[in-house]
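Chemist: Contents of work13.txt (compact mmCIF, C-alpha atoms) are given next:
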# COMPACT_ATOMS: atom_id res chain seq x y z
CA MET R 1458 -53.31 45.72 10.80
CA THR R 1459 -51.80 42.50 12.04
CA SER R 1460 -52.88 40.86 15.25
CA LYS R 1461 -49.56 41.86 16.85
CA GLU R 1462 -49.97 45.51 15.86
CA ILE R 1463 -53.47 45.58 17.32
CA ILE R 1464 -52.38 44.03 20.62
CA SER R 1465 -49.45 46.45 20.91
CA SER R 1466 -51.85 49.37 20.30
CA LEU R 1467 -53.96 48.40 23.30
CA PRO R 1468 -53.62 50.81 26.22
CA TYR R 1469 -53.12 48.03 28.80
CA GLU R 1470 -50.27 46.01 30.27
CA TYR R 1471 -49.71 43.35 32.93
CA PRO R 1472 -51.55 42.74 35.19
CA PHE R 1473 -54.47 44.23 33.27
CA LEU R 1474 -53.87 43.13 29.69
CA PHE R 1475 -56.25 40.25 28.94
CA VAL R 1476 -55.47 39.54 25.28
CA ASP R 1477 -52.92 36.90 24.20
CA GLU R 1478 -53.85 36.31 20.59
CA ILE R 1479 -56.20 37.64 17.93
CA VAL R 1480 -57.27 34.60 15.91
CA SER R 1481 -59.24 36.60 13.34
CA ILE R 1482 -60.44 40.17 13.05
CA ASP R 1483 -62.18 42.53 10.66
CA GLU R 1484 -64.28 45.67 11.12
CA ASN R 1485 -67.35 43.61 12.05
CA SER R 1486 -66.06 40.77 14.18
CA VAL R 1487 -63.17 39.40 16.17
CA VAL R 1488 -62.07 36.13 17.77
CA GLY R 1489 -59.33 36.21 20.38
CA THR R 1490 -57.92 34.18 23.25
CA TYR R 1491 -56.46 34.68 26.71
CA THR R 1492 -55.03 32.30 29.31
CA TYR R 1493 -55.28 33.50 32.92
CA PRO R 1494 -51.89 32.92 34.60
CA SER R 1495 -52.43 31.37 38.03
CA ASP R 1496 -50.22 34.03 39.64
CA LEU R 1497 -52.46 36.97 38.66
CA PRO R 1498 -52.71 39.10 41.83
CA PHE R 1499 -56.50 39.03 42.23
CA TYR R 1500 -56.55 35.24 42.73
CA GLN R 1501 -55.10 35.84 46.21
CA GLY R 1502 -58.35 37.44 47.33
CA HIS R 1503 -61.06 36.05 45.02
CA PHE R 1504 -61.85 33.93 46.86
CA LYS R 1505 -59.92 33.27 50.10
CA GLY R 1506 -58.19 29.92 49.51
CA ASN R 1507 -60.40 29.24 46.50
CA PRO R 1508 -59.16 31.12 43.42
CA ILE R 1509 -61.81 31.72 40.74
CA THR R 1510 -61.59 34.35 37.99
CA PRO R 1511 -63.83 37.29 39.00
CA GLY R 1512 -66.80 38.13 36.78
CA VAL R 1513 -65.52 41.68 36.37
CA ILE R 1514 -62.28 40.25 34.95
CA LEU R 1515 -64.24 38.05 32.53
CA THR R 1516 -66.18 41.15 31.48
CA GLU R 1517 -62.94 43.12 31.09
CA THR R 1518 -61.48 40.32 28.97
CA MET R 1519 -64.58 40.33 26.77
CA ALA R 1520 -64.34 44.12 26.47
CA GLN R 1521 -60.61 44.17 25.61
CA ILE R 1522 -60.88 41.46 22.94
CA GLY R 1523 -64.44 42.02 21.80
CA LEU R 1524 -64.74 45.78 21.84
CA VAL R 1525 -61.37 47.50 22.10
CA CYS R 1526 -59.62 45.40 19.42
CA ILE R 1527 -62.39 46.13 16.90
CA GLY R 1528 -62.32 49.78 18.04
CA VAL R 1529 -58.58 50.03 17.40
CA LEU R 1530 -59.03 48.59 13.91
CA LEU R 1531 -61.97 50.88 13.09
CA ILE R 1532 -60.13 53.99 14.26
CA LYS R 1533 -56.90 53.13 12.44
CA ASN R 1534 -58.75 52.33 9.22
CA GLN R 1535 -60.74 55.54 9.51
CA GLN R 1536 -57.89 57.88 10.25
CA LYS R 1537 -54.82 56.14 8.88
CA SER R 1538 -52.97 57.70 11.79
CA ASN R 1539 -51.01 56.30 14.68
CA ALA R 1540 -52.72 58.45 17.29
CA ASP R 1541 -53.32 56.67 20.55
CA ILE R 1542 -56.80 55.34 21.05
CA GLN R 1543 -59.00 56.64 23.85
CA ILE R 1544 -61.58 54.23 25.16
CA ALA R 1545 -64.20 54.13 27.90
CA MET R 1546 -66.66 51.34 28.61
CA THR R 1547 -70.08 52.91 28.92
CA SER R 1548 -72.38 49.96 29.57
CA ASN R 1549 -72.53 46.21 29.64
CA ALA R 1550 -75.09 43.51 30.30
CA ILE R 1551 -73.50 40.10 30.79
CA ASP R 1552 -74.88 36.73 31.91
CA TYR R 1553 -72.42 34.25 33.43
CA TYR R 1554 -72.85 30.50 33.17
CA ILE R 1555 -69.77 28.61 34.44
CA PRO R 1556 -66.63 29.52 36.40
CA VAL R 1557 -63.15 30.04 34.94
CA TRP R 1558 -60.29 28.62 37.06
CA PRO R 1559 -56.67 29.83 37.18
CA SER R 1560 -54.62 28.72 34.09
CA GLU R 1561 -57.73 28.25 31.95
CA LYS R 1562 -57.68 29.47 28.36
CA VAL R 1563 -60.76 31.28 27.07
CA THR R 1564 -61.87 32.28 23.58
CA VAL R 1565 -63.85 35.48 23.06
CA LYS R 1566 -66.06 35.93 19.99
CA SER R 1567 -67.59 39.30 19.26
CA SER R 1568 -69.70 40.83 16.53
CA LYS R 1569 -70.36 44.53 16.03
CA GLU R 1570 -73.93 45.77 16.38
CA TYR R 1571 -73.07 49.33 15.39
CA PHE R 1572 -70.36 51.96 15.41
CA ARG R 1573 -71.94 55.41 15.22
CA PHE R 1574 -70.85 58.78 16.58
CA ASN R 1575 -67.85 57.12 18.31
CA LYS R 1576 -70.03 54.62 20.16
CA LEU R 1577 -69.22 50.98 19.53
CA LYS R 1578 -71.70 48.32 20.63
CA CYS R 1579 -70.91 44.61 20.32
CA LYS R 1580 -72.47 41.24 21.11
CA VAL R 1581 -69.81 39.22 22.90
CA GLU R 1582 -69.48 35.56 23.97
CA MET R 1583 -66.77 33.73 25.90
CA TYR R 1584 -66.04 29.99 25.66
CA ASN R 1585 -63.67 27.72 27.60
CA GLU R 1586 -61.38 25.06 26.12
CA LYS R 1587 -64.21 22.50 26.19
CA ASN R 1588 -66.13 24.95 23.99
CA GLN R 1589 -68.66 25.54 26.79
CA LEU R 1590 -70.31 28.96 26.97
CA VAL R 1591 -68.79 30.82 29.94
CA CYS R 1592 -70.62 34.14 29.58
CA ARG R 1593 -72.26 36.34 27.01
CA GLY R 1594 -73.89 39.72 26.59
CA THR R 1595 -73.54 43.14 25.08
CA ILE R 1596 -70.83 45.70 25.76
CA SER R 1597 -70.70 49.33 24.64
CA GLY R 1598 -67.97 51.91 24.76
CA MET R 1599 -66.92 55.28 23.39
CA VAL R 1600 -63.89 54.96 21.12
CA LYS R 1601 -61.87 57.80 19.62
CA SER R 1602 -58.32 58.84 18.94
CA MET C 1241 -101.86 69.67 19.11
CA SER C 1242 -99.27 71.63 17.17
CA ASP C 1243 -96.47 69.82 15.36
CA LYS C 1244 -93.94 71.15 17.83
CA VAL C 1245 -95.85 69.97 20.90
CA LYS C 1246 -96.23 66.57 19.29
CA LEU C 1247 -92.49 66.46 18.48
CA ILE C 1248 -91.54 67.36 22.04
CA ASP C 1249 -93.90 64.66 23.27
CA ASP C 1250 -92.28 62.09 20.97
CA LEU C 1251 -88.82 63.23 22.01
CA LYS C 1252 -89.79 62.89 25.67
CA GLU C 1253 -90.73 59.27 25.05
CA ILE C 1254 -87.41 58.64 23.26
CA VAL C 1255 -85.17 60.13 25.98
CA LYS C 1256 -87.11 58.57 28.85
CA PRO C 1257 -84.98 55.38 29.24
CA TYR C 1258 -81.74 57.39 29.40
CA ILE C 1259 -82.50 60.29 31.76
CA GLN C 1260 -80.98 60.54 35.25
CA ASP C 1261 -82.86 63.64 36.48
CA GLN C 1262 -86.57 62.96 36.89
CA GLU C 1263 -87.50 66.53 37.83
CA ALA C 1264 -85.83 68.01 34.73
CA PHE C 1265 -87.57 65.31 32.69
CA ASP C 1266 -90.99 66.12 34.14
CA ASN C 1267 -90.45 69.79 33.28
CA ILE C 1268 -89.01 69.18 29.82
CA SER C 1269 -89.19 72.17 27.45
CA GLU C 1270 -87.38 73.47 24.39
CA ALA C 1271 -84.69 74.88 26.66
CA THR C 1272 -83.89 71.51 28.26
CA ASP C 1273 -80.28 70.41 27.77
CA PHE C 1274 -79.76 66.66 27.44
CA ILE C 1275 -76.45 66.49 29.28
CA ASN C 1276 -76.67 69.31 31.84
CA ASP C 1277 -80.39 69.05 32.70
CA LEU C 1278 -81.43 65.46 31.97
CA LYS C 1279 -77.94 64.11 32.89
CA ILE C 1280 -77.84 61.79 29.89
CA ASN C 1281 -74.28 60.52 29.31
CA SER C 1282 -72.53 60.82 25.96
CA ALA C 1283 -72.96 57.12 25.13
CA ASN C 1284 -76.71 57.27 25.75
CA LEU C 1285 -76.93 60.49 23.76
CA VAL C 1286 -75.86 58.35 20.79
CA ASP C 1287 -78.77 56.00 21.59
CA VAL C 1288 -81.15 58.96 21.67
CA VAL C 1289 -79.98 59.99 18.19
CA LEU C 1290 -80.21 56.41 16.85
CA ASP C 1291 -83.73 56.11 18.30
CA ILE C 1292 -84.67 59.42 16.63
CA GLU C 1293 -83.37 58.03 13.31
CA ASP C 1294 -85.55 54.92 13.69
CA LYS C 1295 -88.63 56.84 14.82
CA TYR C 1296 -88.62 59.31 11.92
CA ASP C 1297 -86.80 57.19 9.33
CA ILE C 1298 -84.17 59.88 8.83
CA GLU C 1299 -80.37 59.77 8.77
CA ILE C 1300 -78.48 62.06 11.08
CA ASP C 1301 -74.94 63.01 10.06
CA ASN C 1302 -72.04 63.85 12.36
CA ASP C 1303 -72.50 67.62 12.06
CA SER C 1304 -76.18 67.41 13.01
CA MET C 1305 -75.38 65.04 15.87
CA ASP C 1306 -72.91 67.58 17.26
CA LYS C 1307 -75.72 70.15 17.42
CA MET C 1308 -78.26 67.93 19.13
CA LEU C 1309 -77.42 68.80 22.71
CA ASN C 1310 -80.80 70.20 23.73
CA VAL C 1311 -84.47 69.83 22.86
CA LYS C 1312 -84.66 72.96 20.69
CA ALA C 1313 -81.67 72.09 18.51
CA SER C 1314 -82.88 68.49 18.18
CA LEU C 1315 -86.32 69.61 17.03
CA GLU C 1316 -84.68 71.83 14.43
CA VAL C 1317 -82.56 68.96 13.12
CA ILE C 1318 -85.57 66.60 13.03
CA GLN C 1319 -87.74 69.15 11.21
CA GLU C 1320 -84.96 69.95 8.73
CA LYS C 1321 -84.36 66.24 7.98
CA LEU C 1322 -88.09 65.56 7.66
CA ALA C 1323 -88.50 68.50 5.29
CA SER C 1324 -85.70 67.28 3.01
CA LYS C 1325 -87.04 63.70 2.83
Would you mind writing the file's structure down as structure tokens?

Modeler:
Amino acid sequence: MTSKEIISSLPYEYPFLFVDEIVSIDENSVVGTYTYPSDLPFYQGHFKGNPITPGVILTETMAQIGLVCIGVLLIKNQQKSNADIQIAMTSNAIDYYIPVWPSEKVTVKSSKEYFRFNKLKCKVEMYNEKNQLVCRGTISGMVKS
Amino acid sequence: MSDKVKLIDDLKEIVKPYIQDQEAFDNISEATDFINDLKINSANLVDVVLDIEDKYDIEIDNDSMDKMLNVKASLEVIQEKLASK
């Protein structure tokens, strides 16, 4: 699958699609990027007069690039079908190091720990444009079609 | 201690991190259902099965996994896999 096909298979859209580009992907790892437009609605309230990208959004971005994109590829390769993917995050443990401001571009790097019985678990890291570690941790989800 | 009692004891140790119902856990028996009694979610049920694989050095296939919804069925799968090792 091409990067474009994977992104168009994702079950999200604005304002909750947090994948711009898949730089590289295979069944074991993925690298992808996203730039947070400064007019995303949540910046109005997080925080009052001081917009910073919420941790939950960073986690969601890591999950969409780091988990769901690999999940889409695994499912399509397994089934060779175009059935829509069903996905649910089931757990995550993330540590956050530095803030992400509006208009910043982030790169997410993820590697698969295992995919068994429809559960996908990945180790995921996010970096900013200065290549500083923004956050990292593990994310798991159930993936099926 | 019979093999079965020992197996249930081992299984109790394995499911411990994932249970949400302490009372059902304290009273665990062959009839205990992982999802309905212990309130383990489907994602953690996968962890239970992976931990069982590591503990007994066995490989559990999809069909066996589908059966492993309660203590009794899990013991049967473990014993069957151990016997065929």

Chemist: Give the residues of chain R that lie within 8 Å of chain C; count only C-alpha atoms, and format the answer as a list of chain:residue names.

Modeler: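 Residues satisfying the distance criterion: R:Thr1547, R:Arg1573, R:Phe1574, R:Lys1576, R:Gly1598, R:Met1599.
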
Chemist: So which one's closest to Lys1461 of chain R, R:Pro1511, R:Cys1526, R:Asn1575, R:Pro1494? Using all atoms listed in the file, please.

Modeler: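 Looking at the shortest contact to Lys1461 of chain R, the residue is R:Cys1526.
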
Chemist: Could you please determine the separation between atom CA of Gly1506 of chain R and atom CA of Thr1492 of chain R in Å, to one decimal place?

Modeler: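 We find that atom CA of Gly1506 of chain R and atom CA of Thr1492 of chain R lie 20.6 Å from each other.
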
Chemist: Can you pull out the residues contacting Asp1243 of chain C? Cut-off 10 Å, using all atoms listed in the file, and skip same-chain residues under 5 positions away; I want them as an MDAnalysis selection string.

Modeler: chainID C and resid 1248:1249 1319

Chemist: Could you tell me how far atom CA of Asn1276 of chain C lies from atom CA of Ile1292 of chain C, in Å and to one decimal?

Modeler: 19.8 Å

Chemist: Would you list the residues near (-87.5, 67.3, 4.8), meaning any protein, DNA or RNA residue with an atom at most 12 Å from that point in file coordinates, counting all atoms listed in the file, as a PyMOL selection string?

Modeler: chain C and resi 1296-1299+1316-1325

Chemist: Quick one: distance from atom CA of Glu1253 of chain C to atom CA of Ile1268 of chain C in Å, one decimal?

Modeler: 11.1 Å

Chemist: Would you list the residues near (-79.5, 71.6, 27.0) (no more than 12 Å away, in the coordinates of the file, using all atoms listed in the file) as a ChimeraX atom specification?

Modeler: /C:1264-1265,1268-1280,1285,1307-1314

Chemist: Taking only C-alpha atoms into account, name the residue in R:Ile1509, R:Val1600, R:Val1563, R:Ile1482 that is nearest to Ser1495 of chain R.

Modeler: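 When distances to Ser1495 of chain R are compared using only C-alpha atoms, the smallest one comes from R:Ile1509.
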
Chemist: Give the centre and edge lengths of an axis-aligned box, in Å to one decimal, that holds all listed atoms of segment 1471-1487 of chain R with 3 Å on each side, as AutoDock Vina command-line options.

Modeler:
--center_x -58.5 --center_y 40.1 --center_z 22.9 --size_x 23.6 --size_y 17.1 --size_z 30.5

Chemist: List the neighbours of segment 1462-1464 of chain R out to 10 Å using all atoms listed in the file; skip same-chain residues closer than 2 positions along the sequence, and give me the result as a PyMOL selection string.

Modeler: chain R and resi 1458-1460+1466-1469+1474-1479+1482+1521-1522+1525-1530+1533

Chemist: When you look at segment 1570-1572 of chain R with a cut-off of 9 Å (counting all atoms listed in the file), what residues show up, excluding the ones that are within fewer than 5 positions of it in the same chain? I need them as a list in words.

Modeler: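 In the requested format, the answer is Asn1485, Gly1528, Leu1531, Leu1577, Lys1578, Cys1579 and Lys1580 of chain R.
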
Chemist: For each of R:Gly1523, R:Gln1535, R:Gln1589, R:Gly1489, take the minimum atom-to-atom distance to Val1557 of chain R, counting all atoms listed in the file, then give the residue where this is smallest.

Modeler: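 Closest to Val1557 of chain R of all the choices is R:Gln1589.
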